[in-house]
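Working notes for the structure below.
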Amino acid sequence: MARDTSDGTPITGKAELVAYLEAGCKPESEFRIGTEHEKFPFFKGDNTPVPYDGERSISAILKGMKDKLGWDAIMDGDNIIGLAEPHGMGAISLEPGGQFELSGAALKTLHETCRESNRHLAVLRGVAEPMGIGFLGIGGSPKWTRAETPRMPKSRYEIMTRYMPKVGSQGLDMMYRTCTIQVNVDFSSEADMRRKMALSQKLQPLSTALFASSPFTEGKPNGLLSWRGDIWRDTDNNRAGLLDFAFRDDFTFERYVDWALDVPMYFIIRDGRYRDCTHITFRQFMDGALKGEIDEWQPTMGDWTNHISTLFPDVRLKRFLEMRGADGGTWRRICALPSFWVGLLYDHGAMDAAEQLTADWQVEDIHRLRDEVPRLALKAEIGGRPLVDIAREVVGIARAGLKSRGNLNGDGQDESVFLNPLDEIIAKKTTFAEDLLALYHGRWKGSVDPLFEEFQY
């Protein structure tokens, strides 16, 4: 999750909130790629979770990374909870269960994105290995119960932990036992945002299927291929899922703001303290709902940016679009996920082709696909076609889009090389989750422990 902000600029009306999103529009020449990935820390000796405190701990890793990188510490009270590159070129943060996240810099090419992940993982290994700590890239915690999972000392997570059971059945598992790979992409105008929002919402279930990697819970198969995808079906449906109104031809920044205004808040920050605001919406906040409860009751732009960072639709709108459908995965998949979306969304011909391919998909069909993919992955169907066939076409479109960009590395390879892991999945017609299940039932002899050794970063 993004670093919480404290911009004290007062809000006087809705127009400022709309203008905040509109300010994300930029020329295509300035489009960038921001990749985020999370992973589970574990002790290599016994595959147990890593606590926050201690000589061998998550806080010790953060302090070691700070010394290596020279980044600024992000503090919550007396606790170090993340790091920020001093010039805004990336950050490291903690998810509620200790999942270690890199929020990458805004970079121009996928070659740069992949090098960034390489550097991050190399530094991380250098700090963590002497402590006997490794990292696993996978969509769902494969072994630990929720009670065994550590809790990070972040104030916002205390508020969310109290709130989640009130609004869904799987919110705590989302917080404490899932990992993702995400990519942030830019838009040039409101019309461009609208096209990208509609298309990427349609294809988000395909992303979930291609990157499915969470078939285990508490050491056993859970009957799913993307447990993480299923968790998001009942986390907090006021703020998560598909936004039907974003498929409409008249979707605007203002319409998204209107939706966001009526979603319950999590918190505001005053005097460095997080105050629970789950009892009101942002619209009520703007109408003075906290007047009399606290001295500084007037909403600020920092409150707004924090609020929209706690909305969890499959595609999230900020000053960019955030693709949120994929499970966490191995290093090659960290590079494949942004390649998939950049190939589709940063080339006009590719966008046209993908829109044409999905033109007949109805909203109810997309909802049905989203519901079926956690269990069936590429064996799900839409429009009478197996999803694996659609995947083949969509990845082909993305490949053409990346080749059109013409960004070559030192070996003369264009960015489409990073789609190779998806080609392999489609050719085999089996996801990483299905590969893991085959290992579990075969060579691993009914144990998930080999997963930690064989697929750690």
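Please note that chains go A, B, ... in the order of the structure tokens, that every chain numbers its residues from 1, and that ligands are numbered from 1 in the order shown.
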
Fewer than 5 positions away in the same chain doesn't count, so skip those; otherwise give me all residues within 6 Å of Phe42 (chain A), counting only C-alpha atoms, as a PyMOL selection string. chain A and resi 47-50+133-134

Find the nearest atom pair between each residue of region 48-153 of chain A and region 171-187 of chain A for residues within 10 Å, count only C-alpha atoms, give distances in Å to one decimal, sort rows by chain and ascending number, and present the table as a Markdown table.
| residue | atom | partner | partner_atom | distance |
| --- | --- | --- | --- | --- |
| A:Glu95 | CA | A:Met175 | CA | 7.1 |
| A:Pro96 | CA | A:Tyr176 | CA | 5.4 |
| A:Gly97 | CA | A:Tyr176 | CA | 4.2 |
| A:Gly98 | CA | A:Tyr176 | CA | 7.7 |
| A:Gln99 | CA | A:Cys179 | CA | 7.0 |
| A:Phe100 | CA | A:Cys179 | CA | 9.0 |
| A:Glu101 | CA | A:Cys179 | CA | 8.9 |
| A:Leu102 | CA | A:Ile181 | CA | 9.7 |
| A:Ser103 | CA | A:Gln182 | CA | 9.1 |
| A:Gly104 | CA | A:Val183 | CA | 9.2 |
| A:Ala106 | CA | A:Asn184 | CA | 8.6 |
| A:Leu136 | CA | A:Cys179 | CA | 9.6 |
| A:Gly137 | CA | A:Cys179 | CA | 7.5 |
| A:Ile138 | CA | A:Cys179 | CA | 6.4 |
| A:Gly139 | CA | A:Cys179 | CA | 4.8 |
| A:Gly140 | CA | A:Thr178 | CA | 4.4 |
| A:Ser141 | CA | A:Arg177 | CA | 5.0 |
| A:Pro142 | CA | A:Arg177 | CA | 8.5 |
| A:Lys143 | CA | A:Arg177 | CA | 9.7 |
| A:Trp144 | CA | A:Arg177 | CA | 8.4 |
| A:Thr145 | CA | A:Arg177 | CA | 8.7 |
| A:Arg146 | CA | A:Tyr176 | CA | 7.0 |
| A:Ala147 | CA | A:Tyr176 | CA | 9.8 |
| A:Thr149 | CA | A:Tyr176 | CA | 7.0 |
| A:Pro150 | CA | A:Tyr176 | CA | 8.2 |
| A:Arg151 | CA | A:Tyr176 | CA | 7.8 |
| A:Met152 | CA | A:Tyr176 | CA | 9.6 |

I'd like the neighbourhood of Lys379 (chain A) as a ChimeraX atom specification, where a residue qualifies if any of its atoms comes within 12 Å (using only C-alpha atoms), though same-chain residues fewer than 4 positions away should be ignored. /A:206,209-210,225,369,372-375,384-391,426,429-431,434

Restricting the output to C-alpha atoms, write the selected residues as a short mmCIF file (atom, residue, chain, number, x, y, z; two decimals), in the first residue's frame.
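The new file selection17.cif reads:
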data_model
loop_
_atom_site.label_atom_id
_atom_site.label_comp_id
_atom_site.auth_asym_id
_atom_site.auth_seq_id
_atom_site.Cartn_x
_atom_site.Cartn_y
_atom_site.Cartn_z
CA LEU A 206 -7.80 -12.98 -17.42
CA ALA A 209 -6.19 -16.60 -14.37
CA LEU A 210 -2.77 -16.21 -16.01
CA LEU A 225 -6.21 -21.94 -8.20
CA LEU A 369 -16.00 -14.79 -15.33
CA GLU A 372 -15.36 -18.54 -11.90
CA VAL A 373 -11.68 -17.74 -12.51
CA PRO A 374 -10.45 -18.34 -8.92
CA ARG A 375 -11.58 -21.97 -9.26
CA GLY A 384 -18.74 -19.56 -25.35
CA ARG A 385 -14.94 -19.58 -25.65
CA PRO A 386 -12.38 -21.10 -23.25
CA LEU A 387 -10.37 -18.42 -21.52
CA VAL A 388 -7.11 -20.05 -22.61
CA ASP A 389 -8.01 -19.32 -26.25
CA ILE A 390 -8.76 -15.70 -25.41
CA ALA A 391 -5.50 -15.52 -23.45
CA ILE A 426 -0.84 -20.80 -22.52
CA LYS A 429 -2.75 -24.81 -20.71
CA THR A 430 -1.80 -25.03 -17.04
CA THR A 431 -1.19 -22.22 -14.56
CA GLU A 434 -1.73 -26.22 -11.27
#

For CA of Tyr346 (chain A) and CA of Thr109 (chain A), the interatomic separation in Å (one decimal): 11.2 Å

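Among A:Arg283, A:Leu110, A:Ile11, A:Tyr157, the residue with the shortest atom-to-atom distance to Gly406 (chain A), counting only C-alpha atoms, is A:Leu110.
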
Hey, what's within 9 Å of Ala191 (chain A) if we count only C-alpha atoms and toss same-chain stuff fewer than 5 positions away? As an MDAnalysis selection string, please? chainID A and resid 196 251:252

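For Met197 (chain A), the set of protein, DNA and RNA residues having any atom at most 9 Å away, when counting only C-alpha atoms and skipping those fewer than 4 positions along the same chain, is A:Asp192, A:Met193, A:Gln201, A:Lys202, A:Ala246, A:Phe247, A:Val315, A:Arg316, A:Leu317, A:Leu321.
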
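A straight line drawn from CA of Asp7 (chain A) to CA of Leu21 (chain A) is 15.5 Å long.
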
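Residues in contact range of Asn118 (chain A), defined as at most 10 Å between only C-alpha atoms, with sequence neighbours fewer than 4 positions away removed, read A:Glu112, A:Thr113, A:Cys114, A:Ala122, A:Val123, A:Leu124, A:Trp331, A:Ile334, A:Cys335.
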
Could the residues in this selection be written to a file with N, CA and C atoms, as an mmCIF file, in the first residue's frame?
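The resulting file, result_3.cif, is reproduced below:
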data_model
loop_
_atom_site.group_PDB
_atom_site.id
_atom_site.type_symbol
_atom_site.label_atom_id
_atom_site.label_comp_id
_atom_site.auth_asym_id
_atom_site.auth_seq_id
_atom_site.Cartn_x
_atom_site.Cartn_y
_atom_site.Cartn_z
ATOM 1 N N GLU A 112 13.933 -1.345 -17.799
ATOM 2 C CA GLU A 112 14.275 -0.649 -16.554
ATOM 3 C C GLU A 112 13.517 -1.250 -15.376
ATOM 4 N N THR A 113 12.243 -1.567 -15.599
ATOM 5 C CA THR A 113 11.421 -2.158 -14.538
ATOM 6 C C THR A 113 12.011 -3.476 -14.060
ATOM 7 N N CYS A 114 12.444 -4.312 -14.993
ATOM 8 C CA CYS A 114 12.997 -5.613 -14.620
ATOM 9 C C CYS A 114 14.334 -5.458 -13.903
ATOM 10 N N ALA A 122 18.307 -8.341 -5.044
ATOM 11 C CA ALA A 122 19.709 -8.595 -4.711
ATOM 12 C C ALA A 122 20.080 -7.936 -3.384
ATOM 13 N N VAL A 123 19.678 -6.690 -3.203
ATOM 14 C CA VAL A 123 19.959 -5.994 -1.938
ATOM 15 C C VAL A 123 19.230 -6.675 -0.791
ATOM 16 N N LEU A 124 17.974 -7.049 -1.037
ATOM 17 C CA LEU A 124 17.172 -7.699 -0.004
ATOM 18 C C LEU A 124 17.808 -9.020 0.438
ATOM 19 N N TRP A 331 10.097 -14.315 -9.942
ATOM 20 C CA TRP A 331 10.718 -13.129 -10.520
ATOM 21 C C TRP A 331 10.271 -12.892 -11.956
ATOM 22 N N ILE A 334 7.087 -11.053 -12.117
ATOM 23 C CA ILE A 334 7.157 -9.627 -11.766
ATOM 24 C C ILE A 334 7.355 -8.800 -13.025
ATOM 25 N N CYS A 335 8.114 -9.316 -13.967
ATOM 26 C CA CYS A 335 8.346 -8.609 -15.233
ATOM 27 C C CYS A 335 7.205 -8.837 -16.222
#

For region 12-14 of chain A, work out the shell of residues within 12 Å, counting only C-alpha atoms and skipping chain neighbours fewer than 6 positions away, then give it as an MDAnalysis selection string. chainID A and resid 20:21 253:261 282:283 285:288 298:301 304

For the selection you just gave me, I'd like the residues written to a file as a CSV table (one decimal), in the first residue's frame, keeping N, CA and C atoms.
chain,number,residue,atom,x,y,z
A,20,TYR,N,-8.0,17.0,-8.9
A,20,TYR,CA,-6.8,16.2,-8.5
A,20,TYR,C,-6.6,15.0,-9.4
A,21,LEU,N,-7.7,14.3,-9.7
A,21,LEU,CA,-7.6,13.1,-10.6
A,21,LEU,C,-7.2,13.6,-12.0
A,253,PHE,N,-14.1,11.4,-14.6
A,253,PHE,CA,-13.4,11.5,-13.3
A,253,PHE,C,-14.4,11.9,-12.2
A,254,GLU,N,-15.4,12.7,-12.6
A,254,GLU,CA,-16.4,13.2,-11.6
A,254,GLU,C,-17.2,12.0,-11.1
A,255,ARG,N,-17.5,11.1,-12.0
A,255,ARG,CA,-18.4,9.9,-11.6
A,255,ARG,C,-17.6,9.0,-10.6
A,256,TYR,N,-16.3,8.9,-10.8
A,256,TYR,CA,-15.5,8.1,-9.9
A,256,TYR,C,-15.4,8.8,-8.6
A,257,VAL,N,-15.3,10.1,-8.6
A,257,VAL,CA,-15.2,10.9,-7.3
A,257,VAL,C,-16.6,10.7,-6.6
A,258,ASP,N,-17.7,10.8,-7.3
A,258,ASP,CA,-19.0,10.6,-6.6
A,258,ASP,C,-19.1,9.2,-5.9
A,259,TRP,N,-18.5,8.2,-6.6
A,259,TRP,CA,-18.5,6.9,-6.0
A,259,TRP,C,-17.6,6.9,-4.7
A,260,ALA,N,-16.4,7.4,-4.9
A,260,ALA,CA,-15.5,7.4,-3.8
A,260,ALA,C,-16.0,8.2,-2.6
A,261,LEU,N,-16.7,9.3,-2.8
A,261,LEU,CA,-17.3,10.1,-1.8
A,261,LEU,C,-18.2,9.3,-0.9
A,282,PHE,N,-16.7,9.8,3.0
A,282,PHE,CA,-16.0,11.1,2.8
A,282,PHE,C,-16.9,12.2,2.5
A,283,ARG,N,-18.1,11.9,1.9
A,283,ARG,CA,-19.1,13.0,1.7
A,283,ARG,C,-19.6,13.6,3.0
A,285,PHE,N,-18.0,13.5,5.8
A,285,PHE,CA,-16.8,14.2,6.3
A,285,PHE,C,-16.8,15.6,5.8
A,286,MET,N,-17.0,15.8,4.5
A,286,MET,CA,-17.0,17.1,3.9
A,286,MET,C,-18.1,17.9,4.4
A,287,ASP,N,-19.2,17.3,4.7
A,287,ASP,CA,-20.4,18.0,5.2
A,287,ASP,C,-20.3,18.3,6.7
A,288,GLY,N,-19.1,18.0,7.3
A,288,GLY,CA,-18.9,18.4,8.7
A,288,GLY,C,-19.2,17.4,9.8
A,298,GLN,N,-11.9,19.8,9.5
A,298,GLN,CA,-12.1,20.1,8.1
A,298,GLN,C,-11.2,19.2,7.2
A,299,PRO,N,-11.8,18.7,6.1
A,299,PRO,CA,-11.1,17.8,5.3
A,299,PRO,C,-9.9,18.5,4.5
A,300,THR,N,-8.9,17.7,4.2
A,300,THR,CA,-7.7,18.2,3.5
A,300,THR,C,-7.4,17.3,2.3
A,301,MET,N,-6.6,17.8,1.4
A,301,MET,CA,-6.2,17.0,0.3
A,301,MET,C,-5.5,15.8,0.7
A,304,TRP,N,-8.0,13.2,1.3
A,304,TRP,CA,-8.6,12.7,0.1
A,304,TRP,C,-7.6,11.6,-0.6

Step one, run DSSP on the backbone; step two, keep only residues of region 94-182 of chain A assigned to alpha helix (DSSP H); then write them as a PDB file with N, CA and C atoms, in the first residue's frame.
ATOM      1  N   LEU A 110      10.161  -1.363 -19.842  1.00  0.00           N
ATOM      2  CA  LEU A 110      10.065  -2.594 -19.059  1.00  0.00           C
ATOM      3  C   LEU A 110      11.448  -3.173 -18.760  1.00  0.00           C
ATOM      4  N   HIS A 111      12.428  -2.865 -19.586  1.00  0.00           N
ATOM      5  CA  HIS A 111      13.792  -3.281 -19.276  1.00  0.00           C
ATOM      6  C   HIS A 111      14.245  -2.635 -17.967  1.00  0.00           C
ATOM      7  N   GLU A 112      13.933  -1.345 -17.799  1.00  0.00           N
ATOM      8  CA  GLU A 112      14.275  -0.649 -16.554  1.00  0.00           C
ATOM      9  C   GLU A 112      13.517  -1.250 -15.376  1.00  0.00           C
ATOM     10  N   THR A 113      12.243  -1.567 -15.599  1.00  0.00           N
ATOM     11  CA  THR A 113      11.421  -2.158 -14.538  1.00  0.00           C
ATOM     12  C   THR A 113      12.011  -3.476 -14.060  1.00  0.00           C
ATOM     13  N   CYS A 114      12.444  -4.312 -14.993  1.00  0.00           N
ATOM     14  CA  CYS A 114      12.997  -5.613 -14.620  1.00  0.00           C
ATOM     15  C   CYS A 114      14.334  -5.458 -13.903  1.00  0.00           C
ATOM     16  N   ARG A 115      15.159  -4.513 -14.352  1.00  0.00           N
ATOM     17  CA  ARG A 115      16.427  -4.260 -13.654  1.00  0.00           C
ATOM     18  C   ARG A 115      16.175  -3.769 -12.236  1.00  0.00           C
ATOM     19  N   GLU A 116      15.144  -2.939 -12.075  1.00  0.00           N
ATOM     20  CA  GLU A 116      14.797  -2.435 -10.740  1.00  0.00           C
ATOM     21  C   GLU A 116      14.454  -3.591  -9.797  1.00  0.00           C
ATOM     22  N   SER A 117      13.638  -4.533 -10.258  1.00  0.00           N
ATOM     23  CA  SER A 117      13.278  -5.688  -9.429  1.00  0.00           C
ATOM     24  C   SER A 117      14.511  -6.519  -9.095  1.00  0.00           C
ATOM     25  N   ASN A 118      15.388  -6.691 -10.084  1.00  0.00           N
ATOM     26  CA  ASN A 118      16.637  -7.429  -9.854  1.00  0.00           C
ATOM     27  C   ASN A 118      17.467  -6.788  -8.749  1.00  0.00           C
ATOM     28  N   ARG A 119      17.642  -5.471  -8.845  1.00  0.00           N
ATOM     29  CA  ARG A 119      18.458  -4.757  -7.853  1.00  0.00           C
ATOM     30  C   ARG A 119      17.833  -4.877  -6.469  1.00  0.00           C
ATOM     31  N   HIS A 120      16.525  -4.680  -6.399  1.00  0.00           N
ATOM     32  CA  HIS A 120      15.829  -4.750  -5.111  1.00  0.00           C
ATOM     33  C   HIS A 120      16.014  -6.120  -4.464  1.00  0.00           C
ATOM     34  N   LEU A 121      15.797  -7.176  -5.234  1.00  0.00           N
ATOM     35  CA  LEU A 121      15.888  -8.525  -4.680  1.00  0.00           C
ATOM     36  C   LEU A 121      17.328  -8.865  -4.298  1.00  0.00           C
ATOM     37  N   ALA A 122      18.307  -8.341  -5.044  1.00  0.00           N
ATOM     38  CA  ALA A 122      19.709  -8.595  -4.711  1.00  0.00           C
ATOM     39  C   ALA A 122      20.080  -7.936  -3.384  1.00  0.00           C
ATOM     40  N   VAL A 123      19.678  -6.690  -3.203  1.00  0.00           N
ATOM     41  CA  VAL A 123      19.959  -5.994  -1.938  1.00  0.00           C
ATOM     42  C   VAL A 123      19.230  -6.675  -0.791  1.00  0.00           C
ATOM     43  N   LEU A 124      17.974  -7.049  -1.037  1.00  0.00           N
ATOM     44  CA  LEU A 124      17.172  -7.699  -0.004  1.00  0.00           C
ATOM     45  C   LEU A 124      17.808  -9.020   0.438  1.00  0.00           C
ATOM     46  N   ARG A 125      18.258  -9.809  -0.527  1.00  0.00           N
ATOM     47  CA  ARG A 125      18.921 -11.072  -0.176  1.00  0.00           C
ATOM     48  C   ARG A 125      20.194 -10.824   0.632  1.00  0.00           C
ATOM     49  N   GLY A 126      20.943  -9.798   0.239  1.00  0.00           N
ATOM     50  CA  GLY A 126      22.180  -9.493   0.951  1.00  0.00           C
ATOM     51  C   GLY A 126      21.947  -9.153   2.409  1.00  0.00           C
ATOM     52  N   VAL A 127      20.811  -8.504   2.698  1.00  0.00           N
ATOM     53  CA  VAL A 127      20.478  -8.142   4.075  1.00  0.00           C
ATOM     54  C   VAL A 127      19.862  -9.319   4.818  1.00  0.00           C
ATOM     55  N   ALA A 128      18.978 -10.065   4.156  1.00  0.00           N
ATOM     56  CA  ALA A 128      18.167 -11.075   4.842  1.00  0.00           C
ATOM     57  C   ALA A 128      18.867 -12.423   5.002  1.00  0.00           C
ATOM     58  N   SER A 155      -0.636   1.790  12.298  1.00  0.00           N
ATOM     59  CA  SER A 155      -1.902   2.228  12.892  1.00  0.00           C
ATOM     60  C   SER A 155      -3.080   2.014  11.953  1.00  0.00           C
ATOM     61  N   ARG A 156      -2.878   2.248  10.661  1.00  0.00           N
ATOM     62  CA  ARG A 156      -4.000   2.075   9.723  1.00  0.00           C
ATOM     63  C   ARG A 156      -4.466   0.621   9.717  1.00  0.00           C
ATOM     64  N   TYR A 157      -3.548  -0.324   9.929  1.00  0.00           N
ATOM     65  CA  TYR A 157      -3.924  -1.733   9.897  1.00  0.00           C
ATOM     66  C   TYR A 157      -4.723  -2.134  11.139  1.00  0.00           C
ATOM     67  N   GLU A 158      -4.482  -1.475  12.255  1.00  0.00           N
ATOM     68  CA  GLU A 158      -5.304  -1.731  13.439  1.00  0.00           C
ATOM     69  C   GLU A 158      -6.756  -1.361  13.160  1.00  0.00           C
ATOM     70  N   ILE A 159      -6.945  -0.218  12.515  1.00  0.00           N
ATOM     71  CA  ILE A 159      -8.302   0.230  12.170  1.00  0.00           C
ATOM     72  C   ILE A 159      -8.944  -0.740  11.190  1.00  0.00           C
ATOM     73  N   MET A 160      -8.202  -1.130  10.155  1.00  0.00           N
ATOM     74  CA  MET A 160      -8.746  -2.047   9.151  1.00  0.00           C
ATOM     75  C   MET A 160      -9.065  -3.413   9.745  1.00  0.00           C
ATOM     76  N   THR A 161      -8.219  -3.890  10.657  1.00  0.00           N
ATOM     77  CA  THR A 161      -8.439  -5.207  11.260  1.00  0.00           C
ATOM     78  C   THR A 161      -9.738  -5.230  12.060  1.00  0.00           C
ATOM     79  N   ARG A 162     -10.050  -4.145  12.743  1.00  0.00           N
ATOM     80  CA  ARG A 162     -11.327  -4.060  13.480  1.00  0.00           C
ATOM     81  C   ARG A 162     -12.508  -3.986  12.530  1.00  0.00           C
ATOM     82  N   TYR A 163     -12.308  -3.312  11.398  1.00  0.00           N
ATOM     83  CA  TYR A 163     -13.421  -3.002  10.497  1.00  0.00           C
ATOM     84  C   TYR A 163     -13.775  -4.149   9.549  1.00  0.00           C
ATOM     85  N   MET A 164     -12.767  -4.861   9.055  1.00  0.00           N
ATOM     86  CA  MET A 164     -12.990  -5.841   7.990  1.00  0.00           C
ATOM     87  C   MET A 164     -14.076  -6.875   8.308  1.00  0.00           C
ATOM     88  N   PRO A 165     -14.100  -7.474   9.504  1.00  0.00           N
ATOM     89  CA  PRO A 165     -15.129  -8.483   9.765  1.00  0.00           C
ATOM     90  C   PRO A 165     -16.558  -7.939   9.717  1.00  0.00           C
ATOM     91  N   LYS A 166     -16.716  -6.627   9.768  1.00  0.00           N
ATOM     92  CA  LYS A 166     -18.049  -6.027   9.714  1.00  0.00           C
ATOM     93  C   LYS A 166     -18.595  -5.943   8.286  1.00  0.00           C
ATOM     94  N   VAL A 167     -17.701  -6.050   7.283  1.00  0.00           N
ATOM     95  CA  VAL A 167     -18.130  -5.747   5.909  1.00  0.00           C
ATOM     96  C   VAL A 167     -17.869  -6.880   4.921  1.00  0.00           C
ATOM     97  N   GLY A 171     -11.918 -10.354   4.502  1.00  0.00           N
ATOM     98  CA  GLY A 171     -11.051  -9.184   4.541  1.00  0.00           C
ATOM     99  C   GLY A 171      -9.765  -9.394   5.314  1.00  0.00           C
ATOM    100  N   LEU A 172      -9.831 -10.139   6.413  1.00  0.00           N
ATOM    101  CA  LEU A 172      -8.614 -10.359   7.195  1.00  0.00           C
ATOM    102  C   LEU A 172      -7.632 -11.255   6.450  1.00  0.00           C
ATOM    103  N   ASP A 173      -8.142 -12.225   5.701  1.00  0.00           N
ATOM    104  CA  ASP A 173      -7.246 -13.029   4.869  1.00  0.00           C
ATOM    105  C   ASP A 173      -6.625 -12.175   3.775  1.00  0.00           C
ATOM    106  N   MET A 174      -7.390 -11.273   3.184  1.00  0.00           N
ATOM    107  CA  MET A 174      -6.817 -10.357   2.194  1.00  0.00           C
ATOM    108  C   MET A 174      -5.650  -9.598   2.807  1.00  0.00           C
ATOM    109  N   MET A 175      -5.839  -9.076   4.008  1.00  0.00           N
ATOM    110  CA  MET A 175      -4.811  -8.251   4.638  1.00  0.00           C
ATOM    111  C   MET A 175      -3.564  -9.055   4.995  1.00  0.00           C
ATOM    112  N   TYR A 176      -3.773 -10.197   5.630  1.00  0.00           N
ATOM    113  CA  TYR A 176      -2.675 -10.899   6.282  1.00  0.00           C
ATOM    114  C   TYR A 176      -2.093 -12.062   5.474  1.00  0.00           C
ATOM    115  N   ARG A 177      -2.842 -12.549   4.462  1.00  0.00           N
ATOM    116  CA  ARG A 177      -2.387 -13.794   3.838  1.00  0.00           C
ATOM    117  C   ARG A 177      -2.400 -13.755   2.312  1.00  0.00           C
TER     118      ARG A 177
END

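Nearest residue to Arg270 (chain A) among A:Trp297, A:Phe340, A:Tyr440, A:Tyr457 is A:Trp297, counting only C-alpha atoms.
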
Using DSSP secondary structure from the backbone, list all strand (DSSP E or B) positions within region 262-426 of chain A, as an MDAnalysis selection string. chainID A and resid 264 267:270 273:276 281 291 294 300 312:313 315:317 321:327 381:382 385:386

Atoms kept (N, CA and C atoms) for selection, written as a short mmCIF file (atom, residue, chain, number, x, y, z; two decimals), in the first residue's frame:
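Listed below is the output, part.cif:
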data_model
loop_
_atom_site.label_atom_id
_atom_site.label_comp_id
_atom_site.auth_asym_id
_atom_site.auth_seq_id
_atom_site.Cartn_x
_atom_site.Cartn_y
_atom_site.Cartn_z
N PRO A 264 -17.36 4.34 2.82
CA PRO A 264 -16.89 4.63 4.18
C PRO A 264 -15.38 4.82 4.23
N PHE A 267 -9.70 6.22 7.91
CA PHE A 267 -9.02 7.04 8.93
C PHE A 267 -8.76 8.43 8.39
N ILE A 268 -8.39 9.35 9.31
CA ILE A 268 -7.67 10.57 8.98
C ILE A 268 -6.47 10.64 9.92
N ILE A 269 -5.48 11.41 9.54
CA ILE A 269 -4.29 11.58 10.36
C ILE A 269 -4.29 13.01 10.90
N ARG A 270 -4.22 13.13 12.19
CA ARG A 270 -4.12 14.44 12.84
C ARG A 270 -3.06 14.37 13.94
N ARG A 273 -1.37 11.15 14.49
CA ARG A 273 -2.17 10.03 15.00
C ARG A 273 -3.27 9.66 14.01
N TYR A 274 -3.51 8.35 13.88
CA TYR A 274 -4.58 7.86 13.02
C TYR A 274 -5.88 7.83 13.82
N ARG A 275 -6.90 8.44 13.27
CA ARG A 275 -8.21 8.47 13.93
C ARG A 275 -9.21 7.66 13.12
N ASP A 276 -9.86 6.74 13.76
CA ASP A 276 -10.82 5.83 13.12
C ASP A 276 -12.01 6.62 12.60
N THR A 281 -18.77 8.39 5.67
CA THR A 281 -18.25 8.45 4.31
C THR A 281 -17.47 9.75 4.13
N LYS A 291 -17.19 17.57 12.97
CA LYS A 291 -17.21 18.83 13.73
C LYS A 291 -17.72 18.55 15.14
N ILE A 294 -13.44 16.35 16.78
CA ILE A 294 -12.02 16.70 16.82
C ILE A 294 -11.88 18.17 16.46
N THR A 300 -8.87 17.73 4.25
CA THR A 300 -7.71 18.24 3.50
C THR A 300 -7.44 17.35 2.30
N PHE A 312 -10.52 -0.33 -3.18
CA PHE A 312 -9.90 -1.54 -3.73
C PHE A 312 -10.62 -2.13 -4.93
N PRO A 313 -11.08 -1.33 -5.89
CA PRO A 313 -11.66 -1.96 -7.09
C PRO A 313 -10.59 -2.70 -7.88
N VAL A 315 -9.64 -2.31 -10.80
CA VAL A 315 -8.80 -1.28 -11.41
C VAL A 315 -9.03 0.00 -10.62
N ARG A 316 -7.97 0.52 -10.01
CA ARG A 316 -8.12 1.68 -9.13
C ARG A 316 -7.64 2.94 -9.85
N LEU A 317 -8.44 3.97 -9.77
CA LEU A 317 -8.11 5.26 -10.38
C LEU A 317 -7.51 6.19 -9.34
N LEU A 321 -3.78 4.63 -13.42
CA LEU A 321 -4.64 3.46 -13.24
C LEU A 321 -3.81 2.31 -12.70
N GLU A 322 -4.35 1.63 -11.71
CA GLU A 322 -3.63 0.57 -11.01
C GLU A 322 -4.30 -0.76 -11.31
N MET A 323 -3.54 -1.67 -11.92
CA MET A 323 -4.05 -3.00 -12.28
C MET A 323 -3.87 -3.94 -11.09
N ARG A 324 -4.98 -4.46 -10.53
CA ARG A 324 -4.94 -5.09 -9.22
C ARG A 324 -5.36 -6.56 -9.22
N GLY A 325 -5.40 -7.21 -10.39
CA GLY A 325 -6.00 -8.54 -10.45
C GLY A 325 -5.08 -9.72 -10.22
N ALA A 326 -3.76 -9.52 -10.23
CA ALA A 326 -2.84 -10.65 -10.30
C ALA A 326 -2.36 -11.12 -8.94
N ASP A 327 -2.20 -12.43 -8.81
CA ASP A 327 -1.49 -13.01 -7.67
C ASP A 327 -0.01 -12.64 -7.72
N GLU A 381 -14.84 -19.93 -19.10
CA GLU A 381 -15.28 -19.52 -20.43
C GLU A 381 -15.98 -18.18 -20.39
N ILE A 382 -15.94 -17.47 -21.50
CA ILE A 382 -16.73 -16.26 -21.68
C ILE A 382 -17.10 -16.18 -23.16
N ARG A 385 -16.32 -19.24 -25.32
CA ARG A 385 -14.94 -19.58 -25.65
C ARG A 385 -14.13 -19.86 -24.39
N PRO A 386 -13.27 -20.87 -24.39
CA PRO A 386 -12.38 -21.10 -23.25
C PRO A 386 -11.45 -19.90 -23.05
#

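The residue that comes closest to Lys66 (chain A), out of A:Leu17, A:Ala91, A:Ile231, A:Val363 and on the basis of only C-alpha atoms, is A:Ala91.
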
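CA of Lys39 (chain A) sits 16.8 Å away from CA of Pro450 (chain A).
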
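Each of A:Thr310, A:Asn420, A:Thr358, A:Thr330 was checked against Gly383 (chain A) using only C-alpha atoms; the smallest atom-to-atom distance is that of A:Thr358.
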
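For the choices A:Ala354, A:Pro421, A:Pro41, A:Ser416, the atom-to-atom distance to Glu129 (chain A) is smallest for A:Pro41 when using only C-alpha atoms.
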